[in-house]
file final_28.csv (CSV, C-alpha atoms)
chain,number,residue,atom,x,y,z
A,38,MET,CA,14.8,1.9,4.6
A,39,ILE,CA,11.6,0.1,3.6
A,40,ARG,CA,11.3,-3.6,4.4
A,41,PHE,CA,9.1,-5.2,1.6
A,42,TYR,CA,7.0,-8.3,2.0
A,43,GLN,CA,4.8,-10.2,-0.5
A,44,GLN,CA,2.8,-13.3,-0.6
A,45,PRO,CA,4.3,-16.4,-2.2
A,46,LYS,CA,4.0,-16.6,-6.0
A,47,LEU,CA,3.9,-12.8,-6.3
A,48,ASP,CA,6.9,-11.1,-7.9
A,49,PHE,CA,6.6,-7.4,-7.3
A,50,PHE,CA,9.8,-6.6,-5.4
A,51,ASP,CA,11.8,-5.1,-8.3
A,52,THR,CA,9.0,-2.9,-9.6
A,53,VAL,CA,8.1,-1.7,-6.1
A,54,LYS,CA,11.7,-1.0,-5.3
A,55,SER,CA,12.1,0.9,-8.5
A,56,VAL,CA,9.0,3.1,-8.0
A,57,LEU,CA,9.9,3.9,-4.3
A,58,LYS,CA,13.3,5.0,-5.4
A,59,GLN,CA,12.0,7.0,-8.4
A,60,TYR,CA,9.2,8.9,-6.6
A,61,LEU,CA,10.3,8.9,-2.9
A,62,ASN,CA,14.0,8.4,-3.2
A,63,MET,CA,13.7,5.6,-0.6
A,64,GLU,CA,15.7,2.4,-0.5
A,65,THR,CA,13.9,-1.0,-0.2
A,66,GLU,CA,15.0,-4.3,1.1
A,67,PHE,CA,13.2,-7.6,0.5
A,68,GLY,CA,11.9,-9.0,3.8
A,69,GLY,CA,10.6,-12.3,2.5
A,70,PHE,CA,7.3,-14.0,1.8
A,71,PHE,CA,4.4,-14.2,4.1
A,72,THR,CA,0.8,-15.5,4.2
A,73,PRO,CA,-2.0,-13.4,5.7
A,74,VAL,CA,-3.0,-14.8,9.1
A,75,LYS,CA,-6.1,-17.1,8.9
A,76,THR,CA,-7.7,-15.2,11.8
A,77,ALA,CA,-7.9,-12.1,9.5
A,78,TYR,CA,-10.2,-13.9,7.0
A,79,ASN,CA,-13.9,-13.1,7.4
A,80,PRO,CA,-15.8,-15.9,5.8
A,81,VAL,CA,-19.1,-13.9,5.7
A,82,ARG,CA,-17.5,-11.2,3.6
A,83,GLN,CA,-15.0,-13.5,1.9
A,84,GLN,CA,-12.4,-10.9,2.5
A,85,TYR,CA,-9.4,-10.2,4.8
A,86,ASP,CA,-9.5,-7.6,7.6
A,87,SER,CA,-6.7,-5.3,6.5
A,88,TYR,CA,-6.0,-4.1,10.0
A,89,LEU,CA,-5.4,-7.7,11.3
A,90,VAL,CA,-3.2,-8.5,8.3
A,91,LEU,CA,-1.2,-5.3,8.8
A,92,LYS,CA,-0.9,-5.9,12.5
A,93,SER,CA,0.5,-9.4,12.0
A,94,ILE,CA,3.2,-8.1,9.6
A,95,THR,CA,4.2,-5.4,12.0
A,96,GLU,CA,4.4,-7.7,15.0
A,97,ALA,CA,6.4,-10.3,13.1
A,98,ASP,CA,9.1,-7.7,12.0
A,99,LYS,CA,10.7,-6.0,15.0
A,100,LYS,CA,14.0,-5.3,13.4
A,101,GLY,CA,13.7,-1.5,13.5
A,102,TYR,CA,13.3,-0.7,9.8
A,103,ASP,CA,12.0,2.8,9.0
A,104,TYR,CA,8.9,1.4,7.3
A,105,ARG,CA,7.3,-1.9,6.3
A,106,LEU,CA,5.3,-2.5,3.1
A,107,ALA,CA,3.5,-5.6,2.0
A,108,VAL,CA,1.8,-6.5,-1.2
A,109,VAL,CA,-0.9,-9.2,-1.2
A,110,ASP,CA,-3.3,-10.9,-3.6
A,111,VAL,CA,-6.3,-11.2,-1.3
A,112,ASP,CA,-9.4,-9.0,-1.1
A,113,LEU,CA,-9.1,-6.5,1.8
A,114,TYR,CA,-11.6,-4.5,3.7
A,115,ALA,CA,-11.6,-2.0,6.5
A,116,THR,CA,-14.5,-1.3,8.9
A,117,GLY,CA,-17.2,0.7,7.1
A,118,MET,CA,-15.8,0.0,3.7
A,119,ASN,CA,-16.9,-2.6,1.1
A,120,PHE,CA,-13.2,-3.0,0.1
A,121,ILE,CA,-9.9,-1.2,0.1
A,122,PHE,CA,-6.9,-1.2,-2.2
A,123,GLY,CA,-4.5,-0.6,0.7
A,124,LEU,CA,-4.1,0.6,4.2
A,125,ALA,CA,-1.4,2.5,6.1
A,126,HIS,CA,-0.9,2.8,9.8
A,127,PRO,CA,1.6,5.6,10.5
A,128,LEU,CA,2.1,4.7,14.2
A,129,TRP,CA,3.1,1.2,13.2
A,130,ARG,CA,5.1,2.6,10.2
A,131,SER,CA,3.5,-0.2,8.1
A,132,ALA,CA,1.3,-0.3,5.0
A,133,ILE,CA,-0.3,-3.0,2.9
A,134,VAL,CA,-1.5,-2.9,-0.8
A,135,SER,CA,-3.7,-5.6,-2.4
A,136,ILE,CA,-3.5,-6.3,-6.1
A,137,LYS,CA,-6.8,-8.3,-6.0
A,138,ARG,CA,-8.9,-5.4,-7.5
A,139,LEU,CA,-6.0,-3.8,-9.5
A,140,TYR,CA,-6.1,-6.5,-12.1
A,141,GLY,CA,-5.9,-6.0,-15.9
A,142,GLU,CA,-3.4,-4.6,-18.3
A,143,LYS,CA,-2.8,-1.6,-16.0
A,144,LEU,CA,-1.9,-3.7,-12.9
A,145,ILE,CA,1.7,-2.4,-12.6
A,146,GLU,CA,0.7,1.2,-13.0
A,147,ARG,CA,-2.1,0.8,-10.5
A,148,LEU,CA,0.2,-0.9,-8.1
A,149,HIS,CA,2.7,1.9,-8.4
A,150,LYS,CA,0.0,4.5,-7.6
A,151,GLU,CA,-1.3,2.6,-4.6
A,152,VAL,CA,2.2,1.9,-3.2
A,153,ILE,CA,3.1,5.6,-3.4
A,154,HIS,CA,-0.3,6.6,-1.9
A,155,GLU,CA,0.1,4.3,1.1
A,156,MET,CA,3.7,5.4,1.6
A,157,GLY,CA,2.5,9.0,1.4
A,158,HIS,CA,0.2,8.2,4.4
A,159,LEU,CA,3.2,6.8,6.3
A,160,LEU,CA,5.1,10.0,5.6
A,161,GLY,CA,2.2,12.0,7.1
A,162,LEU,CA,0.0,13.0,4.2
A,163,ALA,CA,-3.8,12.8,4.3
A,164,HIS,CA,-6.1,12.3,1.3
A,165,CYS,CA,-6.0,15.1,-1.2
A,166,ALA,CA,-8.9,16.8,-3.0
A,167,ASP,CA,-7.0,16.9,-6.3
A,168,ALA,CA,-8.3,14.0,-8.4
A,169,GLU,CA,-5.0,13.7,-10.2
A,170,CYS,CA,-2.8,13.7,-7.1
A,171,VAL,CA,-1.6,10.2,-6.0
A,172,MET,CA,-3.0,11.0,-2.5
A,173,HIS,CA,-6.5,11.3,-3.8
A,174,PHE,CA,-8.8,8.7,-2.3
A,175,SER,CA,-9.7,5.9,-4.7
A,176,ASN,CA,-13.2,4.6,-4.2
A,177,THR,CA,-13.1,2.8,-7.5
A,178,ILE,CA,-10.5,1.5,-10.0
A,179,ASP,CA,-11.5,4.4,-12.2
A,180,ASP,CA,-10.4,6.8,-9.5
A,181,THR,CA,-7.0,5.1,-9.4
A,182,ASP,CA,-6.7,5.3,-13.2
A,183,VAL,CA,-7.3,9.1,-13.1
A,184,LYS,CA,-4.6,9.7,-10.6
A,185,HIS,CA,-1.0,10.3,-11.5
A,186,CYS,CA,2.0,8.6,-9.8
A,187,GLN,CA,3.2,12.0,-8.5
A,188,PHE,CA,2.1,14.2,-5.6
A,189,CYS,CA,0.4,17.5,-6.5
A,190,ASP,CA,2.3,20.7,-5.6
A,191,ASP,CA,0.5,21.0,-2.2
A,192,CYS,CA,1.2,17.5,-1.1
A,193,ARG,CA,4.8,17.7,-2.4
A,194,SER,CA,5.3,20.9,-0.4
A,195,ARG,CA,4.0,19.2,2.8
A,196,LEU,CA,6.5,16.3,2.3
A,197,GLU,CA,9.3,18.8,1.8
A,198,GLY,CA,8.2,21.1,4.6
call {"tool": "encode", "arguments": {"input": "final_28.csv", "output": "structure tokens"}}
result
Amino acid sequence: MIRFYQQPKLDFFDTVKSVLKQYLNMETEFGGFFTPVKTAYNPVRQQYDSYLVLKSITEADKKGYDYRLAVVDVDLYATGMNFIFGLAHPLWRSAIVSIKRLYGEKLIERLHKEVIHEMGHLLGLAHCADAECVMHFSNTIDDTDVKHCQFCDDCRSRLEG
């Protein structure tokens, strides 16, 4: 079971629930709304530290769900990166996806890809060299657009193995 969180004013539960069921056959439950912790905001970068946001979600939810997934509308970064679309922490069994840079008419498709990508990390997959595999690293929005929602044969076999 995946416990899903989102920022107030966002309404992505139904689409995320649908894509997780379709591509990963996983059930999703709405966990509620949350606001990223203020201490995660870096005023110099004008971005949120994804690690700190993810940590706050994980620490707030101790109910024993298999996984936690959050969708936010803030710009995220990780150490050594200008920005990131999402972050997964397999040991915490938690992931976060930001829609901030996924904007435009392809927002929902991009969100689906990033959600599946981060859940793939939680399920033990690493980045994939196949540019069309959902597990390929997205350095730009164009990289996300090239990817498919599905896992390549190699990644799928690792999941099933």
call {"tool": "residues_near_point", "arguments": {"input": "final_28.csv", "point": "(-6.4, 14.1, -8.8)", "cutoff": "9 Å", "atoms": "only C-alpha atoms", "output": "list in words"}}
result
Cys165, Ala166, Asp167, Ala168, Glu169, Cys170, Val171, Met172, His173, Phe174, Asp180, Val183, Lys184, His185 and Cys189 of chain A
call {"tool": "atom_distance", "arguments": {"input": "final_28.csv", "atom1": "atom CA of A:Leu113", "atom2": "atom CA of A:Ser135"}}
result
6.9 Å
call {"tool": "atom_distance", "arguments": {"input": "final_28.csv", "atom1": "atom CA of A:His154", "atom2": "atom CA of A:Asn79"}}
result
25.7 Å
call {"tool": "residues_around", "arguments": {"input": "final_28.csv", "residues": "stretch 122-131 of chain A", "least_positions_apart": "6", "cutoff": "6 Å", "atoms": "all atoms listed in the file", "output": "list in words"}}
result
Tyr104, Arg105, Leu106, Glu155 and Leu159 of chain A
call {"tool": "closest_residue", "arguments": {"input": "final_28.csv", "among": "A:Phe120, A:Tyr102, A:Tyr88, A:Phe70", "to": "A:Phe50", "atoms": "all atoms listed in the file"}}
result
A:Phe70
call {"tool": "closest_residue", "arguments": {"input": "final_28.csv", "among": "A:Leu91, A:Leu47, A:Ile145, A:Ala77", "to": "A:Cys186", "atoms": "only C-alpha atoms"}}
result
A:Ile145
call {"tool": "residues_around", "arguments": {"input": "final_28.csv", "residues": "A:Phe41", "least_positions_apart": "5", "cutoff": "7 Å", "atoms": "all atoms listed in the file", "output": "CSV table (one decimal) with C-alpha atoms, keeping the file's coordinate frame"}}
result
chain,number,residue,atom,x,y,z
A,65,THR,CA,13.9,-1.0,-0.2
A,66,GLU,CA,15.0,-4.3,1.1
A,67,PHE,CA,13.2,-7.6,0.5
A,68,GLY,CA,11.9,-9.0,3.8
A,105,ARG,CA,7.3,-1.9,6.3
A,106,LEU,CA,5.3,-2.5,3.1
A,107,ALA,CA,3.5,-5.6,2.0
call {"tool": "closest_residue", "arguments": {"input": "final_28.csv", "among": "A:Asp182, A:Glu96, A:Asp48, A:Asp86", "to": "A:Glu146", "atoms": "only C-alpha atoms"}}
result
A:Asp182
call {"tool": "atom_distance", "arguments": {"input": "final_28.csv", "atom1": "atom CA of A:Val90", "atom2": "atom CA of A:His149"}}
result
20.5 Å
call {"tool": "build_atoms", "arguments": {"input": "final_28.csv", "residues": "stretch 46-69 of chain A", "atoms": "N, CA and C atoms", "output": "mmCIF file, keeping the file's coordinate frame"}}
result
data_model
loop_
_atom_site.group_PDB
_atom_site.id
_atom_site.type_symbol
_atom_site.label_atom_id
_atom_site.label_comp_id
_atom_site.auth_asym_id
_atom_site.auth_seq_id
_atom_site.Cartn_x
_atom_site.Cartn_y
_atom_site.Cartn_z
ATOM 1 N N LYS A 46 4.405 -16.632 -4.550
ATOM 2 C CA LYS A 46 4.000 -16.600 -6.000
ATOM 3 C C LYS A 46 3.818 -15.233 -6.534
ATOM 4 N N LEU A 47 3.937 -14.192 -5.722
ATOM 5 C CA LEU A 47 3.900 -12.800 -6.300
ATOM 6 C C LEU A 47 5.394 -12.438 -6.519
ATOM 7 N N ASP A 48 5.582 -11.567 -7.501
ATOM 8 C CA ASP A 48 6.900 -11.100 -7.900
ATOM 9 C C ASP A 48 6.928 -9.652 -8.184
ATOM 10 N N PHE A 49 6.741 -8.832 -7.146
ATOM 11 C CA PHE A 49 6.600 -7.400 -7.300
ATOM 12 C C PHE A 49 7.775 -6.610 -6.698
ATOM 13 N N PHE A 50 8.748 -7.299 -6.109
ATOM 14 C CA PHE A 50 9.800 -6.600 -5.400
ATOM 15 C C PHE A 50 10.535 -5.580 -6.278
ATOM 16 N N ASP A 51 10.995 -6.018 -7.440
ATOM 17 C CA ASP A 51 11.800 -5.100 -8.300
ATOM 18 C C ASP A 51 11.002 -3.898 -8.736
ATOM 19 N N THR A 52 9.742 -4.069 -9.114
ATOM 20 C CA THR A 52 9.000 -2.900 -9.600
ATOM 21 C C THR A 52 8.627 -1.979 -8.408
ATOM 22 N N VAL A 53 8.335 -2.533 -7.234
ATOM 23 C CA VAL A 53 8.100 -1.700 -6.100
ATOM 24 C C VAL A 53 9.322 -0.954 -5.636
ATOM 25 N N LYS A 54 10.436 -1.664 -5.619
ATOM 26 C CA LYS A 54 11.700 -1.000 -5.300
ATOM 27 C C LYS A 54 12.024 0.122 -6.195
ATOM 28 N N SER A 55 11.798 -0.079 -7.479
ATOM 29 C CA SER A 55 12.100 0.900 -8.500
ATOM 30 C C SER A 55 11.187 2.180 -8.302
ATOM 31 N N VAL A 56 9.900 1.969 -8.097
ATOM 32 C CA VAL A 56 9.000 3.100 -8.000
ATOM 33 C C VAL A 56 9.232 3.885 -6.679
ATOM 34 N N LEU A 57 9.578 3.188 -5.603
ATOM 35 C CA LEU A 57 9.900 3.900 -4.300
ATOM 36 C C LEU A 57 11.145 4.717 -4.460
ATOM 37 N N LYS A 58 12.107 4.214 -5.198
ATOM 38 C CA LYS A 58 13.300 5.000 -5.400
ATOM 39 C C LYS A 58 13.062 6.184 -6.320
ATOM 40 N N GLN A 59 12.291 5.967 -7.391
ATOM 41 C CA GLN A 59 12.000 7.000 -8.400
ATOM 42 C C GLN A 59 11.200 8.173 -7.759
ATOM 43 N N TYR A 60 10.129 7.851 -7.048
ATOM 44 C CA TYR A 60 9.200 8.900 -6.600
ATOM 45 C C TYR A 60 9.446 9.383 -5.172
ATOM 46 N N LEU A 61 10.073 8.553 -4.334
ATOM 47 C CA LEU A 61 10.300 8.900 -2.900
ATOM 48 C C LEU A 61 11.749 8.914 -2.521
ATOM 49 N N ASN A 62 12.620 8.497 -3.444
ATOM 50 C CA ASN A 62 14.000 8.400 -3.200
ATOM 51 C C ASN A 62 14.296 7.548 -1.900
ATOM 52 N N MET A 63 13.571 6.436 -1.802
ATOM 53 C CA MET A 63 13.700 5.600 -0.600
ATOM 54 C C MET A 63 14.253 4.207 -1.068
ATOM 55 N N GLU A 64 15.128 3.673 -0.248
ATOM 56 C CA GLU A 64 15.700 2.400 -0.500
ATOM 57 C C GLU A 64 14.785 1.283 0.067
ATOM 58 N N THR A 65 14.776 0.136 -0.607
ATOM 59 C CA THR A 65 13.900 -1.000 -0.200
ATOM 60 C C THR A 65 14.682 -2.249 -0.146
ATOM 61 N N GLU A 66 14.383 -3.029 0.882
ATOM 62 C CA GLU A 66 15.000 -4.300 1.100
ATOM 63 C C GLU A 66 13.937 -5.397 1.125
ATOM 64 N N PHE A 67 14.224 -6.551 0.519
ATOM 65 C CA PHE A 67 13.200 -7.600 0.500
ATOM 66 C C PHE A 67 13.219 -8.301 1.878
ATOM 67 N N GLY A 68 12.033 -8.372 2.462
ATOM 68 C CA GLY A 68 11.900 -9.000 3.800
ATOM 69 C C GLY A 68 11.435 -10.401 3.764
ATOM 70 N N GLY A 69 10.965 -10.864 2.610
ATOM 71 C CA GLY A 69 10.600 -12.300 2.500
ATOM 72 C C GLY A 69 9.095 -12.404 2.137
#
